[in-house]
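Next comes target-v4.txt, a file with compact mmCIF, C-alpha atoms.
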# COMPACT_ATOMS: atom_id res chain seq x y z
CA MET M 1 13.99 5.33 1.81
CA THR M 2 10.91 3.97 0.09
CA PRO M 3 7.67 4.27 2.07
CA ARG M 4 6.14 1.00 3.24
CA ILE M 5 2.48 0.42 4.04
CA TYR M 6 1.40 -1.89 6.84
CA HIS M 7 -2.24 -2.84 6.22
CA GLY M 8 -4.45 -3.78 9.16
CA GLU M 9 -5.91 -2.55 12.43
CA VAL M 10 -2.89 -0.50 13.47
CA GLN M 11 -2.53 3.04 14.75
CA ILE M 12 0.37 5.47 14.74
CA ASP M 13 0.50 5.20 18.55
CA ASP M 14 1.25 1.47 18.27
CA PHE M 15 4.46 2.16 16.34
CA LEU M 16 5.28 5.24 18.40
CA SER M 17 5.03 3.30 21.67
CA ALA M 18 7.24 0.51 20.30
CA LEU M 19 9.91 2.98 19.16
CA HIS M 20 9.85 4.75 22.54
CA ALA M 21 10.06 1.46 24.44
CA HIS M 22 12.98 0.20 22.39
CA PHE M 23 15.09 3.32 21.86
CA ASP M 24 14.27 5.80 24.63
CA LEU M 25 16.76 4.12 26.93
CA GLY M 26 20.36 4.87 27.75
CA GLY M 27 22.20 5.94 24.61
CA TYR M 28 19.24 7.16 22.50
CA ASN M 29 16.62 9.85 22.75
CA VAL M 30 13.21 9.67 20.99
CA ARG M 31 11.15 12.75 20.13
CA ALA M 32 7.84 12.83 18.29
CA VAL M 33 5.89 15.71 16.73
CA GLY M 34 2.50 15.45 15.08
CA ASP M 35 -1.05 14.26 15.61
CA GLU M 36 -3.11 11.08 15.17
CA LYS M 37 -2.79 11.27 11.36
CA PHE M 38 0.88 12.15 10.84
CA VAL M 39 3.86 11.96 13.19
CA VAL M 40 7.56 12.58 12.64
CA VAL M 41 9.79 10.69 15.07
CA GLN M 42 13.44 11.57 15.57
CA ILE M 43 15.70 8.96 17.11
CA GLY M 44 19.12 10.25 18.01
CA THR M 45 21.96 9.64 20.37
CA SER M 46 21.35 11.12 23.78
CA PRO M 47 23.17 14.37 24.53
CA TYR M 48 24.26 12.70 27.78
CA ALA M 49 25.73 9.59 26.11
CA GLN M 50 29.07 8.67 27.66
CA SER M 51 30.55 7.15 24.50
CA GLY M 52 30.36 7.11 20.70
CA GLY M 53 29.62 9.83 18.18
CA PRO M 54 26.26 11.56 17.67
CA THR M 55 23.83 10.31 15.02
CA SER M 56 20.13 10.72 14.27
CA LEU M 57 17.38 9.20 12.15
CA THR M 58 13.87 10.38 11.22
CA VAL M 59 10.85 8.09 10.92
CA SER M 60 7.60 9.41 9.37
CA LEU M 61 4.37 7.64 10.34
CA GLN M 62 1.20 8.51 8.41
CA LYS M 63 -2.32 7.14 8.76
CA VAL M 64 -3.58 5.84 5.41
CA GLU M 65 -6.73 4.00 4.48
CA ASP M 66 -6.67 0.72 6.44
CA GLY M 67 -3.13 1.04 7.72
CA ILE M 68 0.00 3.07 8.39
CA SER M 69 2.59 4.32 5.91
CA VAL M 70 6.13 4.30 7.29
CA GLU M 71 9.13 6.07 5.81
CA ILE M 72 12.60 6.00 7.34
CA GLY M 73 14.81 8.95 6.45
CA LYS M 74 18.51 8.91 5.75
CA GLN M 75 20.61 8.53 8.88
CA ALA M 76 22.91 11.42 9.83
CA MET M 77 26.29 9.74 10.37
CA LEU M 78 28.79 12.60 10.63
CA GLY M 79 29.26 12.25 14.40
CA VAL M 80 29.78 8.50 14.15
CA ALA M 81 32.27 8.94 11.29
CA ALA M 82 34.18 11.51 13.36
CA SER M 83 34.20 9.16 16.35
CA PHE M 84 35.52 6.29 14.18
CA GLY M 85 38.21 8.65 12.85
CA LYS M 86 39.20 9.69 16.36
CA THR M 87 39.48 6.03 17.40
CA ALA M 88 41.56 5.18 14.32
CA LEU M 89 43.89 8.12 14.93
CA ALA M 90 44.31 7.20 18.60
CA ALA M 91 45.09 3.59 17.66
CA LEU M 92 47.54 4.71 14.99
CA MET M 93 49.42 6.91 17.44
CA ASN M 94 49.46 4.25 20.16
CA PRO M 95 47.69 0.87 19.76
CA ALA M 96 47.18 0.72 23.54
CA ASN M 97 44.79 3.71 23.21
CA LEU M 98 42.34 1.35 21.53
CA PHE M 99 41.52 -0.21 24.92
CA GLY M 100 40.39 3.17 26.23
CA ARG M 101 38.01 3.61 23.29
CA ILE M 102 36.28 0.21 23.37
CA ASP M 103 33.04 1.75 24.69
CA ASP M 104 33.12 4.36 21.90
CA LEU M 105 33.64 1.67 19.28
CA ALA M 106 30.79 -0.45 20.64
CA GLN M 107 28.40 2.55 20.63
CA ASP M 108 29.52 3.54 17.12
CA PHE M 109 28.86 0.05 15.75
CA THR M 110 25.43 0.09 17.40
CA SER M 111 24.70 3.50 15.85
CA VAL M 112 25.69 2.30 12.36
CA GLN M 113 22.99 -0.37 12.68
CA LEU M 114 20.29 2.11 13.80
CA THR M 115 18.30 1.97 10.54
CA ASP M 116 18.20 -1.84 10.61
CA GLU M 117 17.18 -1.80 14.26
CA VAL M 118 14.31 0.64 13.57
CA ASP M 119 13.19 -1.57 10.66
CA LYS M 120 13.19 -4.60 12.94
CA VAL M 121 11.14 -2.84 15.64
CA LEU M 122 8.56 -1.66 13.09
CA ASP M 123 8.25 -5.12 11.48
CA GLU M 124 7.91 -6.88 14.84
CA THR M 125 5.28 -4.37 15.99
CA ALA M 126 3.26 -4.79 12.80
CA ARG M 127 3.49 -8.58 13.03
CA SER M 128 2.35 -8.55 16.67
CA LEU M 129 -0.74 -6.55 15.65
CA ASN M 130 -1.51 -8.81 12.66
CA ALA M 131 -0.64 -6.04 10.21
CA SER M 132 1.31 -6.85 7.06
CA PHE M 133 1.96 -5.78 3.49
CA ASP M 134 -1.12 -7.79 2.45
CA LEU M 135 -4.36 -5.95 1.73
CA SER M 136 -6.71 -5.44 4.66
CA GLU M 137 -9.99 -7.33 4.65
CA ARG M 138 -11.93 -4.20 3.67
CA LEU M 139 -9.66 -3.39 0.72
CA ARG M 140 -9.93 -6.97 -0.53
CA LYS M 141 -13.40 -6.20 -1.83
CA TYR M 142 -13.46 -4.86 -5.35
CA VAL M 143 -16.32 -3.29 -7.22
CA CYS M 144 -17.79 -4.68 -10.42
CA ASN M 145 -17.42 -2.21 -13.32
CA TYR M 146 -20.87 -3.17 -14.66
CA CYS M 147 -23.19 -3.13 -11.64
CA GLY M 148 -21.15 -1.56 -8.80
CA THR M 149 -21.43 -4.55 -6.44
CA PRO M 150 -18.51 -5.17 -4.02
CA ASN M 151 -17.01 -8.63 -4.56
CA PRO M 152 -14.67 -10.70 -2.37
CA LEU M 153 -11.08 -11.14 -3.49
CA GLY M 154 -10.57 -14.04 -5.92
CA GLU M 155 -14.06 -14.12 -7.42
CA PRO M 156 -13.70 -14.69 -11.17
CA SER M 157 -17.08 -13.09 -11.90
CA CYS M 158 -19.41 -10.67 -10.16
CA ILE M 159 -21.58 -12.29 -7.49
CA ALA M 160 -24.53 -10.07 -8.53
CA CYS M 161 -24.47 -9.80 -12.35
CA GLY M 162 -21.94 -12.47 -13.40
CA ALA M 163 -19.63 -10.07 -15.31
CA PRO M 164 -15.92 -11.10 -15.48
CA LEU M 165 -13.72 -9.45 -12.80
CA GLY M 166 -10.23 -10.67 -13.72
CA ASP M 167 -8.29 -7.43 -14.31
CA ILE M 168 -9.67 -5.34 -11.45
CA GLN M 169 -8.56 -7.59 -8.60
CA PRO M 170 -6.25 -5.63 -6.27
CA ARG M 171 -3.02 -6.92 -4.74
CA THR M 172 -0.03 -5.48 -2.93
CA CYS M 173 3.70 -5.44 -3.51
CA PRO M 174 5.30 -8.06 -1.23
CA TYR M 175 8.28 -5.75 -0.59
CA CYS M 176 6.56 -2.51 0.48
CA GLY M 177 2.77 -3.12 0.73
CA TYR M 178 1.86 -0.65 -2.02
CA VAL M 179 -1.45 -1.43 -3.78
CA ILE M 180 -0.77 -2.44 -7.40
CA THR M 181 -2.80 -3.58 -10.38
CA THR M 182 -2.50 -6.91 -12.15
CA LYS M 183 -0.93 -5.21 -15.17
CA GLU M 184 2.04 -3.67 -13.31
CA ALA M 185 5.32 -5.55 -13.67
CA ILE M 186 7.33 -3.16 -11.49
CA CYS M 187 6.10 -1.64 -8.25
CA PRO M 188 5.63 2.12 -8.75
CA ASN M 189 6.55 2.71 -5.09
CA CYS M 190 9.73 0.68 -4.46
CA GLY M 191 10.73 -0.14 -8.05
CA LYS M 192 11.13 -3.88 -7.44
CA PRO M 193 9.95 -6.38 -10.07
CA ILE M 194 6.60 -7.98 -9.24
CA SER M 195 5.94 -9.92 -12.42
CA SER M 196 6.58 -13.20 -10.59
CA LEU M 197 3.50 -12.66 -8.38
CA LYS M 198 0.35 -14.61 -9.01

Represent the structure from my file as structure tokens, please.
Amino acid sequence: MTPRIYHGEVQIDDFLSALHAHFDLGGYNVRAVGDEKFVVVQIGTSPYAQSGGPTSLTVSLQKVEDGISVEIGKQAMLGVAASFGKTALAALMNPANLFGRIDDLAQDFTSVQLTDEVDKVLDETARSLNASFDLSERLRKYVCNYCGTPNPLGEPSCIACGAPLGDIQPRTCPYCGYVITTKEAICPNCGKPISSLK
């Protein structure tokens, strides 16, 4: 998946704690490896799960200037697919067998939605910490090409020398938080069109 950048006063531990709190219960197991600058989190079905097929997902959290970059890997679905197949075969042989596999089906449907659930947890955590895809306050300052003075976002001309600042004003992609220039029509990170932005 495309990396997303949450700008603001957030730390890797904020996201790590939220993922542990949400997923390290019952049917899932959360493991993390790394340090304060880069952590890889694996969320997978617990080896002691009573129902459903095994699946796993990797989330990479990296500290970047004024925020955290998050990338969700591709979900391993072979165990869930096998479990669905087993349920379908059991139902085909005897429809009454479906009642005995209701717990497996429920867990499998939950596992299929794992990526969306991780996305939701990350977004809610960022929102609760006032982090977003918008530029942080520090990155909103941009430097005049003529005199080197930092200027607040939106200034049409330099507050020190009066030179025009129009084309150097930074902004972010509303879909992934990547810092883009005013001349870019397509985000180089996620590939979505951004020409409709102001």

Inset, instruction - Do a neighbour search on segment 118-130 of chain M at 7 Å with all atoms listed in the file, toss out local chain neighbours closer than 3 positions, and write the hits as an MDAnalysis selection string. - result: chainID M and resid 6 8 10 15 18:19 114:115

Legend entry - Polymer residues at most 9 Å from (1.5, 3.2, -2.6) by all atoms listed in the file, as a PyMOL selection string: chain M and resi 3-5+69+172-173+176-180+187-190

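For the pair atom CA of Lys141 of chain M and atom CA of Gly191 of chain M, the separation is 25.6 Å.
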
Inset, instruction - Quick one: pull the distance between atom CA of Glu9 of chain M and atom CA of Thr182 of chain M, Å, one decimal. - result: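 Atom CA of Thr182 of chain M lies 25.2 Å from atom CA of Glu9 of chain M.
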
Inset, instruction - Work out how far apart atom CA of Phe38 of chain M and atom CA of Glu71 of chain M are and give it in Å to one decimal. - result: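 Between these atoms lies a distance of 11.4 Å.
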
Inset, instruction - Could you give me, as a PyMOL selection string, the residues within 12 Å of His20 of chain M, counting all atoms listed in the file and dropping anything in the same chain fewer than 6 positions from it? - result: chain M and resi 13-14+26+28-32+41-44+118+121-122

Legend entry - Which residue of M:Val70, M:Leu135, M:Thr45, M:Thr58 approaches Ile12 of chain M most closely, using all atoms listed in the file: M:Val70

Inset, instruction - Quick one: everything within 10 Å of Cys147 of chain M, counting all atoms listed in the file, minus sequence neighbours fewer than 4 positions away in the same chain. Send it as a list in words. - result: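 With the cut-off at 10 Å, the set is Val143, Cys158, Ala160, Cys161, Gly162 and Ala163 of chain M.
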
Compute the distance from (-6.6, 3.1, 11.5) to each atom, counting all atoms listed in the file, keep the residues with any atom at most 8 Å away, and return them as a compact mmCIF listing (two decimals) with C-alpha atoms, keeping the file's coordinate frame; use the coordinates of the file.
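Output file selection_9.txt is given in full below:
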# COMPACT_ATOMS: atom_id res chain seq x y z
CA GLY M 8 -4.45 -3.78 9.16
CA GLU M 9 -5.91 -2.55 12.43
CA VAL M 10 -2.89 -0.50 13.47
CA GLN M 11 -2.53 3.04 14.75
CA LYS M 63 -2.32 7.14 8.76
CA VAL M 64 -3.58 5.84 5.41
CA GLU M 65 -6.73 4.00 4.48
CA ASP M 66 -6.67 0.72 6.44
CA GLY M 67 -3.13 1.04 7.72
CA ILE M 68 0.00 3.07 8.39

Inset, instruction - Measuring atom to atom with all atoms listed in the file, identify which of M:Leu165, M:Gly34, M:Ile72, M:Pro152 is nearest to Asp116 of chain M. - result: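 Nearest to Asp116 of chain M: M:Ile72.
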
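Distance check against Glu36 of chain M using all atoms listed in the file: of M:Gln62, M:Ser17, M:Ser56, M:Thr2, the minimum falls on M:Gln62.
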